[in-house]
Amino acid sequence: MQTDEFTGDHLDVLKELMNIAMGNATASIADLLQAFGTMHIPHLAITDMDGLKNYIDDALGSYERYYVTKQLFGGIIGGEFIFVMTDESAANLGNYLYDVSQPNDADIMDAVIELTNILSSTIISRLTEELKTKVQFFAPSTEIISGNLLIGDEETLNYHKIIIVSTVMEFQSHKISGQIFILARDETIVRLRELIDQKLEELYA
Amino acid sequence: MTYTLDHCNVVFDSLENGTLVVDEECTVWSWNKWLEINTGIASDAIIGNNLKEFYPELDYKGFQRKIRTTLRLTTPTFYDASLSNRFITIPRNKVTTSLLKIMQLQVTISPYIPALKRVMISIHDISDLHELKITLQHRMAEIAHLNSELKQDKQIIDANLMIVKTDCGCLITDITEAFSRFFGFKKEELVGSSLSNLFVANKQESEFLQMKDLLEKKQKWSGEMQINTKNGKKVWMDAVISPYIDEKNEVISYTAIYHDITDKKRIELLSVTDPLTKLYNRQKFDEVFEEMLMRQHWTQENTFGVLIADVDHFKSVNDTYGHQIGDAVLITIADILEKTIRTSDVLARWGGEEFVVLLPDVDMKKAALVAEKYRQAIEQMNFSEVGPITASFGVTVFSYGDTQEKMIYRADVGLYRAKKNGRNRVESVQP
């Protein structure tokens, strides 16, 4: 498994594909939730297990309480889609989607799940569609996490080389924002590279 | 198409989970056998009707939005399965140890026939898993609470109790903040050194040997000991040293807990001390005398004696030089006797110008020799203000059946005889 062979060109293509996918996600959210937001240009990195924790710590900062939704996807390319919101943003989302000023935990979690569903399916589906492959989504789970415990030691043990795609999604008018992390490990990185190679061949054929 | 849908219904009925098909308006198009059994609603009754009629409490705004999302994105959407049930309510019949009265459901909304805006909803009963999760969360919360209490207790112990921990070889591994503060040692100054280095006591002393013996037998030791502080001050501690033993009966470590009793010891000392001479007072002497009588091992050759000394012509010292000089003479004699007695002898002021000494491990002859030594020591002392001073001595030894009164009486008889025979002499009285 030569994950190092994931070159700058591969990263550029993936970044472009992610841009398209995120545009798609923004449009879907506008359509389905009547919320008009923006997504930052995605940031891509390949790192090891230690680097993943540092990366997420840096990205999230020192906020105390997060709603974290994790959803697995499987297929030729598989990995984990993570959507992180501060409790303030999550409460605003619950308020917006459920029309209640004081949404309870269940309302908020369901709202977060709903948004994650839309984000993961649009982003990943669009990406896989571009790469001419298919994925299966598994039921997501949401939990409230304090501090920087997003990734436990036992979770990172399963990963050797990790590709991170991250971005920030914002609905400024509703004071809702969240961080998206898409994590994939060794095998997927290799397959992703092969699919991108095929894509490049198609483009330049 | 009809055949296909019928065929699908047969498949749905064979599933071990709930499956229903609804459209965007929530009209029910399929309701499988699992749902019929678990909800008590027959498929004939619900198919073709709106779900709202059967489950009006459901949040249809959110539900229809999920259906719309599923259809638009042609991808499954999900209800959050981790909290209280958000979809239809299905009663749960588990009787034993159940935390849940209704089923916890994992609900997935999948595209079914997008052209007809129909979705398939799969319902999985995850109650057992959810119960396990709730139980685990409760246990984790209890553990967190206990850990927090333990941490607080540890902080209180660290700040207030003087504790030293050692390894199995009695080398110090840790000390509490309270110990560090009281004794003036920093932790790094003590870690690695032997616990016995702190003790004032000589390592050959019986108390120390007893402690060593008990600890070697893996037993707890408790007692009083003197310890040096960093600046050399000697303090009295009530100590408990306990071994921590593993399942193989091997000592892993020792914990020594100390309690400062210096003030108590000081008061104790005052209560048994004669204020003028600083020797033991009569009360303390009586106590020690009783203890000595209780010992069972005395023989004729190895018994114990008692002597009474009385300063000769002391009344004339007081009369001639005054009581202050008289007191100074008594203090000097007490000092001489204290320096002359053997380590095991017990010296006390009996009253007035009389002193008493208990003499362990002597016979009559040896007791008289010891008394003679004391007599000479006083005789040889130069009392600058009053000139030479002498004392007379009466001595006796213990014999089977003796009491304190009998022995004191005999020593007193000896003293009377010494006075009668010219003073400054020792007279022995056989039992």
# chains A, B, ... in the order shown; residues from 1 in each chain; ligands from 1
>>> interface_residues(of="chain B", to="chain A", cutoff="10 Å", atoms="only C-alpha atoms", output="list in words")
Asp59, Lys61, Gly62, Arg65, Lys66, Arg68, Thr69, Thr70, Arg72, Leu73, Thr74, Thr75, Pro76, Thr77, Phe78, Tyr79, Asp80, Ala81, Ser82, Leu83, Ser84, Asn85, Arg86, Gln106, Val107 and Thr108 of chain B
>>> select_by_dssp(residues="range 64-186 of chain B", states="strand (DSSP E or B)", output="PyMOL selection string")
chain B and resi 77-78+91+102+105-113+118-125+162-167+171-175
>>> residues_around(residues="Ala367 in chain B", least_positions_apart="3", cutoff="10 Å", atoms="only C-alpha atoms", output="PyMOL selection string")
chain B and resi 303-307+358-364+370-373+395-397+428
>>> write_last_selection(atoms="N, CA, C and O atoms", output="short mmCIF file (atom, residue, chain, number, x, y, z; two decimals), in the first residue's frame")
data_model
loop_
_atom_site.label_atom_id
_atom_site.label_comp_id
_atom_site.auth_asym_id
_atom_site.auth_seq_id
_atom_site.Cartn_x
_atom_site.Cartn_y
_atom_site.Cartn_z
N THR B 303 16.78 -10.04 90.83
CA THR B 303 15.54 -9.43 91.27
C THR B 303 15.64 -7.91 91.10
O THR B 303 16.49 -7.44 90.32
N PHE B 304 14.83 -7.17 91.77
CA PHE B 304 14.99 -5.71 91.69
C PHE B 304 14.96 -5.13 93.09
O PHE B 304 14.40 -5.73 94.02
N GLY B 305 15.61 -3.98 93.21
CA GLY B 305 15.72 -3.36 94.52
C GLY B 305 15.13 -1.97 94.52
O GLY B 305 14.77 -1.43 93.48
N VAL B 306 15.02 -1.43 95.73
CA VAL B 306 14.58 -0.05 95.84
C VAL B 306 15.45 0.61 96.92
O VAL B 306 15.78 -0.02 97.93
N LEU B 307 15.82 1.85 96.67
CA LEU B 307 16.57 2.57 97.70
C LEU B 307 15.89 3.90 97.97
O LEU B 307 15.26 4.48 97.09
N LEU B 358 14.41 2.88 91.76
CA LEU B 358 14.13 1.47 91.51
C LEU B 358 15.33 0.90 90.75
O LEU B 358 15.82 1.51 89.79
N LEU B 359 15.78 -0.27 91.17
CA LEU B 359 17.02 -0.84 90.62
C LEU B 359 16.72 -2.21 90.02
O LEU B 359 16.76 -3.22 90.74
N PRO B 360 16.41 -2.30 88.72
CA PRO B 360 16.12 -3.61 88.14
C PRO B 360 17.40 -4.45 87.98
O PRO B 360 18.50 -3.90 87.88
N ASP B 361 17.20 -5.76 87.93
CA ASP B 361 18.29 -6.71 87.65
C ASP B 361 19.45 -6.61 88.63
O ASP B 361 20.61 -6.44 88.22
N VAL B 362 19.15 -6.67 89.90
CA VAL B 362 20.19 -6.65 90.94
C VAL B 362 19.89 -7.75 91.96
O VAL B 362 18.79 -8.30 91.97
N ASP B 363 20.89 -8.07 92.81
CA ASP B 363 20.60 -8.83 94.02
C ASP B 363 20.92 -7.89 95.18
O ASP B 363 21.25 -6.72 94.96
N MET B 364 20.87 -8.37 96.39
CA MET B 364 21.04 -7.48 97.54
C MET B 364 22.40 -6.80 97.53
O MET B 364 22.53 -5.59 97.77
N VAL B 370 25.34 -0.26 94.20
CA VAL B 370 24.80 0.87 93.40
C VAL B 370 24.50 2.05 94.33
O VAL B 370 24.85 3.20 94.05
N ALA B 371 23.90 1.74 95.46
CA ALA B 371 23.57 2.80 96.42
C ALA B 371 24.85 3.49 96.92
O ALA B 371 24.91 4.73 97.07
N GLU B 372 25.88 2.69 97.11
CA GLU B 372 27.15 3.24 97.58
C GLU B 372 27.73 4.20 96.52
O GLU B 372 28.29 5.24 96.86
N LYS B 373 27.58 3.80 95.30
CA LYS B 373 28.07 4.66 94.20
C LYS B 373 27.36 6.03 94.23
O LYS B 373 27.97 7.08 94.08
N VAL B 395 18.43 0.46 101.63
CA VAL B 395 18.24 -0.37 100.42
C VAL B 395 17.61 -1.70 100.79
O VAL B 395 17.90 -2.26 101.84
N THR B 396 16.76 -2.19 99.88
CA THR B 396 16.25 -3.55 100.01
C THR B 396 15.98 -4.12 98.62
O THR B 396 16.04 -3.37 97.63
N VAL B 397 15.68 -5.42 98.54
CA VAL B 397 15.34 -6.04 97.25
C VAL B 397 14.03 -6.79 97.38
O VAL B 397 13.59 -7.10 98.49
N SER B 428 21.59 -1.87 104.20
CA SER B 428 20.73 -2.82 103.48
C SER B 428 19.85 -3.55 104.46
O SER B 428 20.28 -3.88 105.56
#
>>> select_by_dssp(residues="range 24-219 of chain B", states="helix (DSSP H, G or I)", output="PyMOL selection string")
chain B and resi 33-39+43-46+51-54+60-73+114-116+127-160+177-183+187-190+195-198+206-216
>>> write_last_selection(atoms="C-alpha atoms", output="tab-separated table (two decimals), in the first residue's frame")
chain	number	residue	atom	x	y	z
B	33	LYS	CA	-47.03	-8.59	9.33
B	34	TRP	CA	-44.44	-7.58	11.97
B	35	LEU	CA	-46.21	-4.20	12.28
B	36	GLU	CA	-49.65	-5.84	12.39
B	37	ILE	CA	-48.56	-8.02	15.29
B	38	ASN	CA	-46.64	-5.41	17.24
B	39	THR	CA	-48.94	-2.42	16.76
B	43	SER	CA	-52.93	-3.95	7.32
B	44	ASP	CA	-56.47	-3.85	5.89
B	45	ALA	CA	-57.36	-1.11	8.33
B	46	ILE	CA	-54.39	1.16	7.65
B	51	LEU	CA	-50.74	7.51	9.01
B	52	LYS	CA	-51.87	10.70	10.80
B	53	GLU	CA	-55.20	9.07	11.62
B	54	PHE	CA	-53.44	6.32	13.56
B	60	TYR	CA	-45.30	15.24	10.63
B	61	LYS	CA	-43.44	18.35	9.62
B	62	GLY	CA	-40.11	16.68	10.34
B	63	PHE	CA	-41.28	13.33	9.02
B	64	GLN	CA	-42.45	14.71	5.69
B	65	ARG	CA	-39.23	16.71	5.37
B	66	LYS	CA	-37.27	13.47	5.80
B	67	ILE	CA	-39.43	11.77	3.14
B	68	ARG	CA	-38.81	14.68	0.82
B	69	THR	CA	-35.06	14.54	1.48
B	70	THR	CA	-35.02	10.80	0.82
B	71	LEU	CA	-36.85	11.21	-2.45
B	72	ARG	CA	-34.85	14.20	-3.67
B	73	LEU	CA	-31.47	12.77	-2.80
B	114	PRO	CA	-39.57	7.80	-6.32
B	115	ALA	CA	-41.83	8.26	-9.32
B	116	LEU	CA	-44.84	7.76	-7.03
B	127	SER	CA	-34.51	-1.84	22.71
B	128	ASP	CA	-32.09	-4.39	24.19
B	129	LEU	CA	-29.12	-2.52	22.81
B	130	HIS	CA	-30.55	0.78	24.01
B	131	GLU	CA	-31.20	-0.63	27.47
B	132	LEU	CA	-27.64	-1.80	27.61
B	133	LYS	CA	-26.49	1.65	26.59
B	134	ILE	CA	-28.64	3.33	29.26
B	135	THR	CA	-27.36	0.90	31.91
B	136	LEU	CA	-23.80	1.54	30.81
B	137	GLN	CA	-24.37	5.30	30.90
B	138	HIS	CA	-25.74	5.02	34.44
B	139	ARG	CA	-22.77	2.94	35.51
B	140	MET	CA	-20.37	5.36	33.88
B	141	ALA	CA	-22.08	8.26	35.64
B	142	GLU	CA	-21.80	6.39	38.95
B	143	ILE	CA	-18.12	5.68	38.30
B	144	ALA	CA	-17.53	9.33	37.37
B	145	HIS	CA	-19.31	10.39	40.57
B	146	LEU	CA	-17.28	7.96	42.68
B	147	ASN	CA	-14.07	9.06	40.99
B	148	SER	CA	-14.93	12.66	41.71
B	149	GLU	CA	-15.60	11.84	45.38
B	150	LEU	CA	-12.41	9.82	45.51
B	151	LYS	CA	-10.47	12.73	44.05
B	152	GLN	CA	-11.95	15.10	46.62
B	153	ASP	CA	-11.19	12.65	49.43
B	154	LYS	CA	-7.66	12.26	48.14
B	155	GLN	CA	-7.21	16.03	48.13
B	156	ILE	CA	-8.53	16.26	51.70
B	157	ILE	CA	-6.25	13.42	52.79
B	158	ASP	CA	-3.27	14.93	51.01
B	159	ALA	CA	-3.82	18.32	52.62
B	160	ASN	CA	-4.64	17.12	56.13
B	177	GLU	CA	1.40	17.53	51.28
B	178	ALA	CA	0.50	17.61	55.00
B	179	PHE	CA	3.58	15.52	55.87
B	180	SER	CA	5.78	17.68	53.69
B	181	ARG	CA	4.43	20.87	55.29
B	182	PHE	CA	4.78	19.62	58.87
B	183	PHE	CA	8.25	18.12	58.58
B	187	LYS	CA	8.88	15.06	48.37
B	188	GLU	CA	12.00	14.72	46.22
B	189	GLU	CA	14.21	14.99	49.34
B	190	LEU	CA	12.64	11.87	50.86
B	195	LEU	CA	11.61	5.25	56.28
B	196	SER	CA	13.73	4.44	59.36
B	197	ASN	CA	16.00	7.42	58.61
B	198	LEU	CA	13.21	9.63	59.91
B	206	SER	CA	13.16	-2.52	71.73
B	207	GLU	CA	10.35	-0.44	70.23
B	208	PHE	CA	12.11	-0.29	66.89
B	209	LEU	CA	12.91	-4.00	66.95
B	210	GLN	CA	9.30	-4.81	67.80
B	211	MET	CA	8.13	-2.72	64.85
B	212	LYS	CA	10.62	-4.44	62.54
B	213	ASP	CA	9.53	-7.84	63.79
B	214	LEU	CA	5.81	-7.16	63.23
B	215	LEU	CA	6.35	-5.70	59.77
B	216	GLU	CA	8.49	-8.68	58.77
>>> atom_distance(atom1="CA of Asn19 in chain A", atom2="CA of Ile196 in chain A")
14.8 Å
>>> atom_distance(atom1="CA of Glu88 in chain A", atom2="CA of Met49 in chain A")
29.4 Å
>>> residues_around(residues="Gly422 in chain B", least_positions_apart="2", cutoff="12 Å", atoms="only C-alpha atoms", output="MDAnalysis selection string")
chainID B and resid 312:313 390:393 415:420 424:427
>>> residues_around(residues="Glu170 in chain A", least_positions_apart="4", cutoff="8 Å", atoms="only C-alpha atoms", output="PyMOL selection string")
chain A and resi 37-39+175-178
>>> write_last_selection(atoms="N, CA, C and O atoms", output="PDB file, in the first residue's frame")
ATOM      1  N   GLY A  37     -26.900  28.797   2.835  1.00  0.00           N
ATOM      2  CA  GLY A  37     -25.621  28.867   3.521  1.00  0.00           C
ATOM      3  C   GLY A  37     -24.452  28.832   2.573  1.00  0.00           C
ATOM      4  O   GLY A  37     -24.605  28.809   1.351  1.00  0.00           O
ATOM      5  N   THR A  38     -23.300  28.848   3.176  1.00  0.00           N
ATOM      6  CA  THR A  38     -22.071  28.780   2.393  1.00  0.00           C
ATOM      7  C   THR A  38     -21.179  27.693   2.981  1.00  0.00           C
ATOM      8  O   THR A  38     -21.277  27.368   4.153  1.00  0.00           O
ATOM      9  N   MET A  39     -20.296  27.213   2.089  1.00  0.00           N
ATOM     10  CA  MET A  39     -19.301  26.251   2.577  1.00  0.00           C
ATOM     11  C   MET A  39     -17.934  26.777   2.189  1.00  0.00           C
ATOM     12  O   MET A  39     -17.720  27.250   1.069  1.00  0.00           O
ATOM     13  N   LYS A 175     -27.403  31.776  12.465  1.00  0.00           N
ATOM     14  CA  LYS A 175     -26.304  31.538  13.432  1.00  0.00           C
ATOM     15  C   LYS A 175     -26.054  30.039  13.617  1.00  0.00           C
ATOM     16  O   LYS A 175     -25.988  29.520  14.725  1.00  0.00           O
ATOM     17  N   ILE A 176     -25.946  29.381  12.456  1.00  0.00           N
ATOM     18  CA  ILE A 176     -25.678  27.938  12.483  1.00  0.00           C
ATOM     19  C   ILE A 176     -24.386  27.693  11.708  1.00  0.00           C
ATOM     20  O   ILE A 176     -24.217  28.184  10.594  1.00  0.00           O
ATOM     21  N   SER A 177     -23.485  26.987  12.306  1.00  0.00           N
ATOM     22  CA  SER A 177     -22.283  26.595  11.569  1.00  0.00           C
ATOM     23  C   SER A 177     -21.808  25.255  12.089  1.00  0.00           C
ATOM     24  O   SER A 177     -22.177  24.837  13.193  1.00  0.00           O
ATOM     25  N   GLY A 178     -21.019  24.593  11.272  1.00  0.00           N
ATOM     26  CA  GLY A 178     -20.518  23.281  11.710  1.00  0.00           C
ATOM     27  C   GLY A 178     -19.261  22.922  10.942  1.00  0.00           C
ATOM     28  O   GLY A 178     -18.943  23.524   9.921  1.00  0.00           O
TER      29      GLY A 178
END
>>> atom_distance(atom1="CA of Gly8 in chain A", atom2="CA of Gln179 in chain A")
23.9 Å
>>> residues_around(residues="Gln198 in chain A", least_positions_apart="6", cutoff="10 Å", atoms="only C-alpha atoms", output="ChimeraX atom specification")
/A:131-132,192,204
>>> write_last_selection(atoms="C-alpha atoms", output="compact mmCIF listing (two decimals), in the first residue's frame")
# COMPACT_ATOMS: atom_id res chain seq x y z
CA LEU A 131 -15.70 8.91 -9.59
CA LYS A 132 -18.22 6.47 -11.05
CA LEU A 192 -9.41 6.90 -4.35
CA TYR A 204 -7.22 14.10 -20.82
>>> decode(residues="range 264-299 of chain B", atoms="C-alpha atoms", output="short mmCIF file (atom, residue, chain, number, x, y, z; two decimals), in the first residue's frame")
data_model
loop_
_atom_site.label_atom_id
_atom_site.label_comp_id
_atom_site.auth_asym_id
_atom_site.auth_seq_id
_atom_site.Cartn_x
_atom_site.Cartn_y
_atom_site.Cartn_z
CA LYS B 264 0.09 15.51 74.49
CA LYS B 265 3.50 14.06 75.36
CA ARG B 266 4.55 17.38 76.87
CA ILE B 267 1.45 17.44 79.10
CA GLU B 268 2.00 13.81 79.98
CA LEU B 269 5.56 14.60 80.97
CA LEU B 270 4.41 17.53 83.13
CA SER B 271 1.88 15.33 84.92
CA VAL B 272 4.58 12.80 85.95
CA THR B 273 7.37 15.26 86.68
CA ASP B 274 8.37 16.91 89.92
CA PRO B 275 8.34 20.65 89.10
CA LEU B 276 11.49 21.47 91.13
CA THR B 277 13.93 18.71 90.21
CA LYS B 278 12.32 17.61 86.89
CA LEU B 279 12.62 14.01 88.09
CA TYR B 280 9.64 11.66 88.04
CA ASN B 281 7.14 12.51 90.79
CA ARG B 282 5.86 10.07 93.37
CA GLN B 283 2.75 9.21 91.34
CA LYS B 284 4.80 8.10 88.36
CA PHE B 285 7.20 6.24 90.61
CA ASP B 286 4.28 4.31 92.12
CA GLU B 287 3.09 3.34 88.62
CA VAL B 288 6.51 2.06 87.58
CA PHE B 289 6.90 0.27 90.91
CA GLU B 290 3.59 -1.56 90.35
CA GLU B 291 4.66 -2.55 86.82
CA MET B 292 7.93 -3.89 88.17
CA LEU B 293 6.12 -5.92 90.83
CA MET B 294 3.91 -7.45 88.13
CA ARG B 295 6.85 -8.85 86.18
CA GLN B 296 7.03 -12.58 86.60
CA HIS B 297 10.65 -13.30 85.86
CA TRP B 298 12.35 -12.10 89.11
CA THR B 299 14.54 -14.69 90.87
#
